[in-house]
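A.B. asks: My structure is in protein24.pdb, and what it holds is PDB, C-alpha atoms and all ligand atoms:
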ATOM      1  CA  MET A   1     106.072 253.080 162.171
ATOM      2  CA  LEU A   2     106.132 253.038 158.414
ATOM      3  CA  LEU A   3     107.025 256.195 156.520
ATOM      4  CA  ILE A   4     105.040 256.421 153.304
ATOM      5  CA  THR A   5     105.730 259.104 150.694
ATOM      6  CA  CYS A   6     102.460 260.416 149.285
ATOM      7  CA  PRO A   7     103.143 261.543 145.679
ATOM      8  CA  TRP A   8     101.366 264.851 146.407
ATOM      9  CA  CYS A   9     102.073 265.543 150.110
ATOM     10  CA  GLY A  10     105.485 263.970 150.715
ATOM     11  CA  PRO A  11     106.605 261.641 153.539
ATOM     12  CA  ARG A  12     104.005 261.010 156.255
ATOM     13  CA  ASP A  13     103.470 258.539 159.090
ATOM     14  CA  ASP A  14     101.565 255.425 158.072
ATOM     15  CA  ASN A  15      98.654 256.258 160.402
ATOM     16  CA  GLU A  16      97.588 258.897 157.837
ATOM     17  CA  PHE A  17      97.062 256.190 155.225
ATOM     18  CA  HIS A  18      94.516 253.508 154.461
ATOM     19  CA  TYR A  19      95.596 250.198 152.971
ATOM     20  CA  GLY A  20      93.569 249.324 149.884
ATOM     21  CA  GLY A  21      94.762 245.795 149.244
ATOM     22  CA  GLU A  22      96.528 244.294 146.307
ATOM     23  CA  ALA A  23      97.083 246.510 143.254
ATOM     24  CA  HIS A  24      96.432 245.668 139.609
ATOM     25  CA  ILE A  25      93.544 243.248 140.103
ATOM     26  CA  ALA A  26      91.524 243.391 136.912
ATOM     27  CA  ARG A  27      87.776 243.488 137.429
ATOM     28  CA  PRO A  28      85.988 241.004 135.160
ATOM     29  CA  LEU A  29      84.317 242.818 132.262
ATOM     30  CA  LYS A  30      82.038 239.879 131.502
ATOM     31  CA  ALA A  31      81.126 238.969 135.073
ATOM     32  CA  SER A  32      78.007 237.117 133.937
ATOM     33  CA  GLU A  33      80.220 234.665 132.048
ATOM     34  CA  LEU A  34      82.269 233.682 135.103
ATOM     35  CA  SER A  35      81.463 230.473 136.908
ATOM     36  CA  ASP A  36      80.808 230.612 140.643
ATOM     37  CA  ALA A  37      84.314 229.259 141.251
ATOM     38  CA  GLU A  38      85.874 231.923 138.993
ATOM     39  CA  TRP A  39      83.829 234.671 140.675
ATOM     40  CA  ALA A  40      84.869 233.406 144.114
ATOM     41  CA  GLU A  41      88.491 233.415 142.942
ATOM     42  CA  TYR A  42      88.170 237.088 141.957
ATOM     43  CA  LEU A  43      86.412 238.129 145.168
ATOM     44  CA  PHE A  44      88.148 236.123 147.841
ATOM     45  CA  LEU A  45      91.504 234.723 146.763
ATOM     46  CA  LYS A  46      94.354 237.138 147.351
ATOM     47  CA  GLN A  47      98.064 236.799 146.951
ATOM     48  CA  ASN A  48      99.917 236.680 150.263
ATOM     49  CA  ALA A  49     103.413 237.410 149.030
ATOM     50  CA  LYS A  50     106.533 237.422 151.182
ATOM     51  CA  GLY A  51     108.764 240.062 149.634
ATOM     52  CA  PRO A  52     108.027 242.809 147.095
ATOM     53  CA  PHE A  53     104.270 243.187 146.600
ATOM     54  CA  THR A  54     102.178 245.711 144.642
ATOM     55  CA  GLU A  55      99.595 247.455 146.854
ATOM     56  CA  ARG A  56      97.093 250.318 146.728
ATOM     57  CA  TRP A  57      97.164 252.976 149.426
ATOM     58  CA  SER A  58      95.046 256.063 150.071
ATOM     59  CA  HIS A  59      96.263 259.168 151.913
ATOM     60  CA  SER A  60      92.989 259.128 153.842
ATOM     61  CA  ALA A  61      93.993 261.711 156.502
ATOM     62  CA  GLY A  62      95.605 264.000 153.937
ATOM     63  CA  CYS A  63      94.841 264.627 150.274
ATOM     64  CA  ARG A  64      92.601 261.511 150.147
ATOM     65  CA  ARG A  65      94.132 260.434 146.831
ATOM     66  CA  TRP A  66      94.974 256.838 145.861
ATOM     67  CA  PHE A  67      98.334 255.599 144.604
ATOM     68  CA  ASN A  68     100.280 252.366 144.206
ATOM     69  CA  VAL A  69     103.178 251.157 146.334
ATOM     70  CA  VAL A  70     105.676 248.327 145.958
ATOM     71  CA  ARG A  71     106.368 247.210 149.537
ATOM     72  CA  ASN A  72     108.525 244.368 150.778
ATOM     73  CA  THR A  73     106.086 242.564 153.061
ATOM     74  CA  ALA A  74     108.937 240.899 154.968
ATOM     75  CA  THR A  75     110.883 244.079 155.823
ATOM     76  CA  ASP A  76     108.253 246.846 155.291
ATOM     77  CA  GLU A  77     110.708 248.605 152.959
ATOM     78  CA  ILE A  78     108.867 250.888 150.519
ATOM     79  CA  ILE A  79     110.571 250.138 147.210
ATOM     80  CA  GLU A  80     108.535 252.398 144.938
ATOM     81  CA  VAL A  81     105.513 254.715 144.896
ATOM     82  CA  TYR A  82     103.752 255.293 141.573
ATOM     83  CA  PRO A  83     100.432 256.700 140.299
ATOM     84  CA  MET A  84      97.211 254.770 139.812
ATOM     85  CA  GLY A  85      96.873 253.534 136.251
ATOM     86  CA  GLU A  86     100.605 252.997 135.847
ATOM     87  CA  LEU A  87     102.847 249.972 136.313
ATOM     88  CA  PRO A  88     105.902 249.677 138.578
ATOM     89  CA  LYS A  89     109.256 250.762 137.126
ATOM     90  CA  SER A  90     111.701 249.288 139.663
ATOM     91  CA  ALA A  91     113.126 245.815 138.977
ATOM     92  CA  GLU A  92     111.534 244.435 142.159
ATOM     93  CA  GLY A  93     108.184 246.011 141.285
ATOM     94  CA  ILE A  94     108.186 244.695 137.720
ATOM     95  CA  LYS A  95     109.021 241.204 138.973
ATOM     96  CA  ALA A  96     106.275 241.359 141.636
ATOM     97  CA  TYR A  97     103.769 242.428 138.984
ATOM     98  CA  GLU A  98     104.813 239.913 136.338
ATOM     99  CA  THR A  99     105.090 236.905 138.638
ATOM    100  CA  ASN A 100     101.750 237.534 140.343
ATOM    101  CA  TRP A 101      99.553 234.452 139.856
ATOM    102  CA  ARG A 102      96.639 236.762 139.037
ATOM    103  CA  ARG A 103      98.188 237.475 135.645
ATOM    104  CA  GLU A 104      96.714 234.090 134.729
ATOM    105  CA  SER A 105      93.572 234.104 136.853
ATOM    106  CA  ALA A 106      90.162 233.541 135.280
ATOM    107  CA  ALA A 107      89.119 237.104 136.089
ATOM    108  CA  GLN A 108      92.284 238.461 134.455
ATOM    109  CA  LYS A 109      91.716 236.419 131.283
ATOM    110  CA  ASN A 110      88.084 237.503 131.227
ATOM    111  CA  ALA A 111      89.078 241.162 131.569
ATOM    112  CA  LYS A 112      91.587 240.842 128.715
ATOM    113  CA  ALA A 113      88.968 239.164 126.516
ATOM    114  CA  GLY A 114      86.538 242.038 127.157
ATOM    115  CA  ALA A 115      89.195 244.642 126.459
ATOM    116  CA  SER A 116      90.097 243.075 123.112
ATOM    117  CA  ASP A 117      86.462 243.243 121.992
ATOM    118  CA  LYS A 118      86.609 247.041 121.873
TER     119      LYS A 118
HETATM  120 ZN    ZN B 201      98.604 263.075 150.125
END
Please re-express this file's structure in structure tokens.
Ligand SMILES: [Zn+2]
C.D. replies:
Amino acid sequence: MLLITCPWCGPRDDNEFHYGGEAHIARPLKASELSDAEWAEYLFLKQNAKGPFTERWSHSAGCRRWFNVVRNTATDEIIEVYPMGELPKSAEGIKAYETNWRRESAAQKNAKAGASDK
């Protein structure tokens, strides 16, 4: 059993939650400009980290709200819970975010390029 602390409801058993995959994946803003290989990278390639990893979770059997979690995938330790739209604040969370290979993925670069156009 994994005890997850929902930011709104408090600690609950993990069977109340739905795993939403890796957090902080930027959706391409100019999807039509991605090659097939770059699009496939965005859709299908995921990081499979051993250790601290940024994830999205939903309290699906409770308040149904989404939030981010830094979880050690080797030990299941929950290092940090933080709101959607924010970045991790713990040292392990910051490192997991900054060393994620997606920071340099084609989709990430494309999203940054679109954001700077505004
Ligand atoms: Zn909740």
A.B. asks: Quick one: distance from CA of Pro28 (chain A) to CA of Gly93 (chain A) in Å, one decimal?
C.D. replies: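 Spanning CA of Pro28 (chain A) to CA of Gly93 (chain A) is a straight-line distance of 23.6 Å.
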A.B. asks: List every residue of chain A that has an atom at most 12 Å from any atom of ligand ZN 201 (chain B), giving for each one its closest atom pair and the distance in Å to one decimal, counting all atoms listed in the file, sorted by chain and then by ascending residue number, as CSV.
C.D. replies:
residue,atom,partner,partner_atom,distance
A:Ile4,CA,B:ZN201,ZN,9.8
A:Thr5,CA,B:ZN201,ZN,8.2
A:Cys6,CA,B:ZN201,ZN,4.8
A:Pro7,CA,B:ZN201,ZN,6.5
A:Trp8,CA,B:ZN201,ZN,5.0
A:Cys9,CA,B:ZN201,ZN,4.3
A:Gly10,CA,B:ZN201,ZN,7.0
A:Pro11,CA,B:ZN201,ZN,8.8
A:Arg12,CA,B:ZN201,ZN,8.4
A:Asp13,CA,B:ZN201,ZN,11.2
A:Asp14,CA,B:ZN201,ZN,11.4
A:Glu16,CA,B:ZN201,ZN,8.8
A:Phe17,CA,B:ZN201,ZN,8.7
A:His18,CA,B:ZN201,ZN,11.3
A:Trp57,CA,B:ZN201,ZN,10.2
A:Ser58,CA,B:ZN201,ZN,7.9
A:His59,CA,B:ZN201,ZN,4.9
A:Ser60,CA,B:ZN201,ZN,7.8
A:Ala61,CA,B:ZN201,ZN,8.0
A:Gly62,CA,B:ZN201,ZN,4.9
A:Cys63,CA,B:ZN201,ZN,4.1
A:Arg64,CA,B:ZN201,ZN,6.2
A:Arg65,CA,B:ZN201,ZN,6.2
A:Trp66,CA,B:ZN201,ZN,8.4
A:Phe67,CA,B:ZN201,ZN,9.3
A:Pro83,CA,B:ZN201,ZN,11.9
A.B. asks: Got time to write the residues from that selection, C-alpha atoms, as a PDB file, in the coordinates of the input?
C.D. replies:
ATOM      1  CA  ILE A   4     105.040 256.421 153.304  1.00  0.00           C
ATOM      2  CA  THR A   5     105.730 259.104 150.694  1.00  0.00           C
ATOM      3  CA  CYS A   6     102.460 260.416 149.285  1.00  0.00           C
ATOM      4  CA  PRO A   7     103.143 261.543 145.679  1.00  0.00           C
ATOM      5  CA  TRP A   8     101.366 264.851 146.407  1.00  0.00           C
ATOM      6  CA  CYS A   9     102.073 265.543 150.110  1.00  0.00           C
ATOM      7  CA  GLY A  10     105.485 263.970 150.715  1.00  0.00           C
ATOM      8  CA  PRO A  11     106.605 261.641 153.539  1.00  0.00           C
ATOM      9  CA  ARG A  12     104.005 261.010 156.255  1.00  0.00           C
ATOM     10  CA  ASP A  13     103.470 258.539 159.090  1.00  0.00           C
ATOM     11  CA  ASP A  14     101.565 255.425 158.072  1.00  0.00           C
ATOM     12  CA  GLU A  16      97.588 258.897 157.837  1.00  0.00           C
ATOM     13  CA  PHE A  17      97.062 256.190 155.225  1.00  0.00           C
ATOM     14  CA  HIS A  18      94.516 253.508 154.461  1.00  0.00           C
ATOM     15  CA  TRP A  57      97.164 252.976 149.426  1.00  0.00           C
ATOM     16  CA  SER A  58      95.046 256.063 150.071  1.00  0.00           C
ATOM     17  CA  HIS A  59      96.263 259.168 151.913  1.00  0.00           C
ATOM     18  CA  SER A  60      92.989 259.128 153.842  1.00  0.00           C
ATOM     19  CA  ALA A  61      93.993 261.711 156.502  1.00  0.00           C
ATOM     20  CA  GLY A  62      95.605 264.000 153.937  1.00  0.00           C
ATOM     21  CA  CYS A  63      94.841 264.627 150.274  1.00  0.00           C
ATOM     22  CA  ARG A  64      92.601 261.511 150.147  1.00  0.00           C
ATOM     23  CA  ARG A  65      94.132 260.434 146.831  1.00  0.00           C
ATOM     24  CA  TRP A  66      94.974 256.838 145.861  1.00  0.00           C
ATOM     25  CA  PHE A  67      98.334 255.599 144.604  1.00  0.00           C
ATOM     26  CA  PRO A  83     100.432 256.700 140.299  1.00  0.00           C
TER      27      PRO A  83
END
A.B. asks: Distance cut-off 9 Å, centre (109.2, 251.3, 150.8) in file coordinates, counting all atoms listed in the file: which residues qualify? Return them as a list in words.
C.D. replies: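 Here the neighbourhood of the point contains Leu2, Leu3, Ile4, Thr5, Val69, Val70, Arg71, Asn72, Thr75, Asp76, Glu77, Ile78, Ile79, Glu80 and Val81 of chain A.
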A.B. asks: For the residues selected in the previous step, produce a file with C-alpha atoms as a PDB file, in the frame of the given file.
C.D. replies:
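File written: part30.pdb
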ATOM      1  CA  LEU A   2     106.132 253.038 158.414  1.00  0.00           C
ATOM      2  CA  LEU A   3     107.025 256.195 156.520  1.00  0.00           C
ATOM      3  CA  ILE A   4     105.040 256.421 153.304  1.00  0.00           C
ATOM      4  CA  THR A   5     105.730 259.104 150.694  1.00  0.00           C
ATOM      5  CA  VAL A  69     103.178 251.157 146.334  1.00  0.00           C
ATOM      6  CA  VAL A  70     105.676 248.327 145.958  1.00  0.00           C
ATOM      7  CA  ARG A  71     106.368 247.210 149.537  1.00  0.00           C
ATOM      8  CA  ASN A  72     108.525 244.368 150.778  1.00  0.00           C
ATOM      9  CA  THR A  75     110.883 244.079 155.823  1.00  0.00           C
ATOM     10  CA  ASP A  76     108.253 246.846 155.291  1.00  0.00           C
ATOM     11  CA  GLU A  77     110.708 248.605 152.959  1.00  0.00           C
ATOM     12  CA  ILE A  78     108.867 250.888 150.519  1.00  0.00           C
ATOM     13  CA  ILE A  79     110.571 250.138 147.210  1.00  0.00           C
ATOM     14  CA  GLU A  80     108.535 252.398 144.938  1.00  0.00           C
ATOM     15  CA  VAL A  81     105.513 254.715 144.896  1.00  0.00           C
TER      16      VAL A  81
END
A.B. asks: For Gly51 (chain A), find every residue with an atom within 7 Å (counting only C-alpha atoms), except residues of its own chain fewer than 2 positions away, and show them as a VMD selection string.
C.D. replies: chain A and resid 49 53 72 to 74
A.B. asks: Give as a JSON list (two decimals) with C-alpha atoms, in the frame of the given file the residues that the PyMOL selection byres (((chain A and resi 31) around 12) and not hetatm) matches when applied to the coordinates above.
C.D. replies:
[["chain", "number", "residue", "atom", "x", "y", "z"],
["A", 26, "ALA", "CA", 91.52, 243.39, 136.91],
["A", 27, "ARG", "CA", 87.78, 243.49, 137.43],
["A", 28, "PRO", "CA", 85.99, 241.00, 135.16],
["A", 29, "LEU", "CA", 84.32, 242.82, 132.26],
["A", 30, "LYS", "CA", 82.04, 239.88, 131.50],
["A", 32, "SER", "CA", 78.01, 237.12, 133.94],
["A", 33, "GLU", "CA", 80.22, 234.66, 132.05],
["A", 34, "LEU", "CA", 82.27, 233.68, 135.10],
["A", 35, "SER", "CA", 81.46, 230.47, 136.91],
["A", 36, "ASP", "CA", 80.81, 230.61, 140.64],
["A", 37, "ALA", "CA", 84.31, 229.26, 141.25],
["A", 38, "GLU", "CA", 85.87, 231.92, 138.99],
["A", 39, "TRP", "CA", 83.83, 234.67, 140.68],
["A", 40, "ALA", "CA", 84.87, 233.41, 144.11],
["A", 42, "TYR", "CA", 88.17, 237.09, 141.96],
["A", 43, "LEU", "CA", 86.41, 238.13, 145.17],
["A", 106, "ALA", "CA", 90.16, 233.54, 135.28],
["A", 107, "ALA", "CA", 89.12, 237.10, 136.09],
["A", 108, "GLN", "CA", 92.28, 238.46, 134.46],
["A", 109, "LYS", "CA", 91.72, 236.42, 131.28],
["A", 110, "ASN", "CA", 88.08, 237.50, 131.23],
["A", 111, "ALA", "CA", 89.08, 241.16, 131.57],
["A", 113, "ALA", "CA", 88.97, 239.16, 126.52],
["A", 114, "GLY", "CA", 86.54, 242.04, 127.16]]
A.B. asks: At what distance in Å, to one decimal, does CA of Leu45 (chain A) lie from CA of Ala96 (chain A)?
C.D. replies: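 A separation of 17.0 Å between them.
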A.B. asks: Quick one: residues within 9 Å of Gly21 (chain A), all atoms listed in the file, excluding same-chain residues fewer than 6 positions away - as a list in words?
C.D. replies: Lys46, Thr54, Glu55, Arg56 and Trp57 of chain A
A.B. asks: Out of A:Trp101, A:Lys50, A:Leu87, A:Phe44, which residue has the shortest atom-to-atom distance to Ala23 (chain A) when counting all atoms listed in the file?
C.D. replies: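 Ranked by minimum distance to Ala23 (chain A), first place goes to A:Leu87.
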A.B. asks: Quick one: distance from CA of Lys89 (chain A) to CA of Met1 (chain A) in Å, one decimal?
C.D. replies: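 Spanning CA of Lys89 (chain A) to CA of Met1 (chain A) is a straight-line distance of 25.4 Å.
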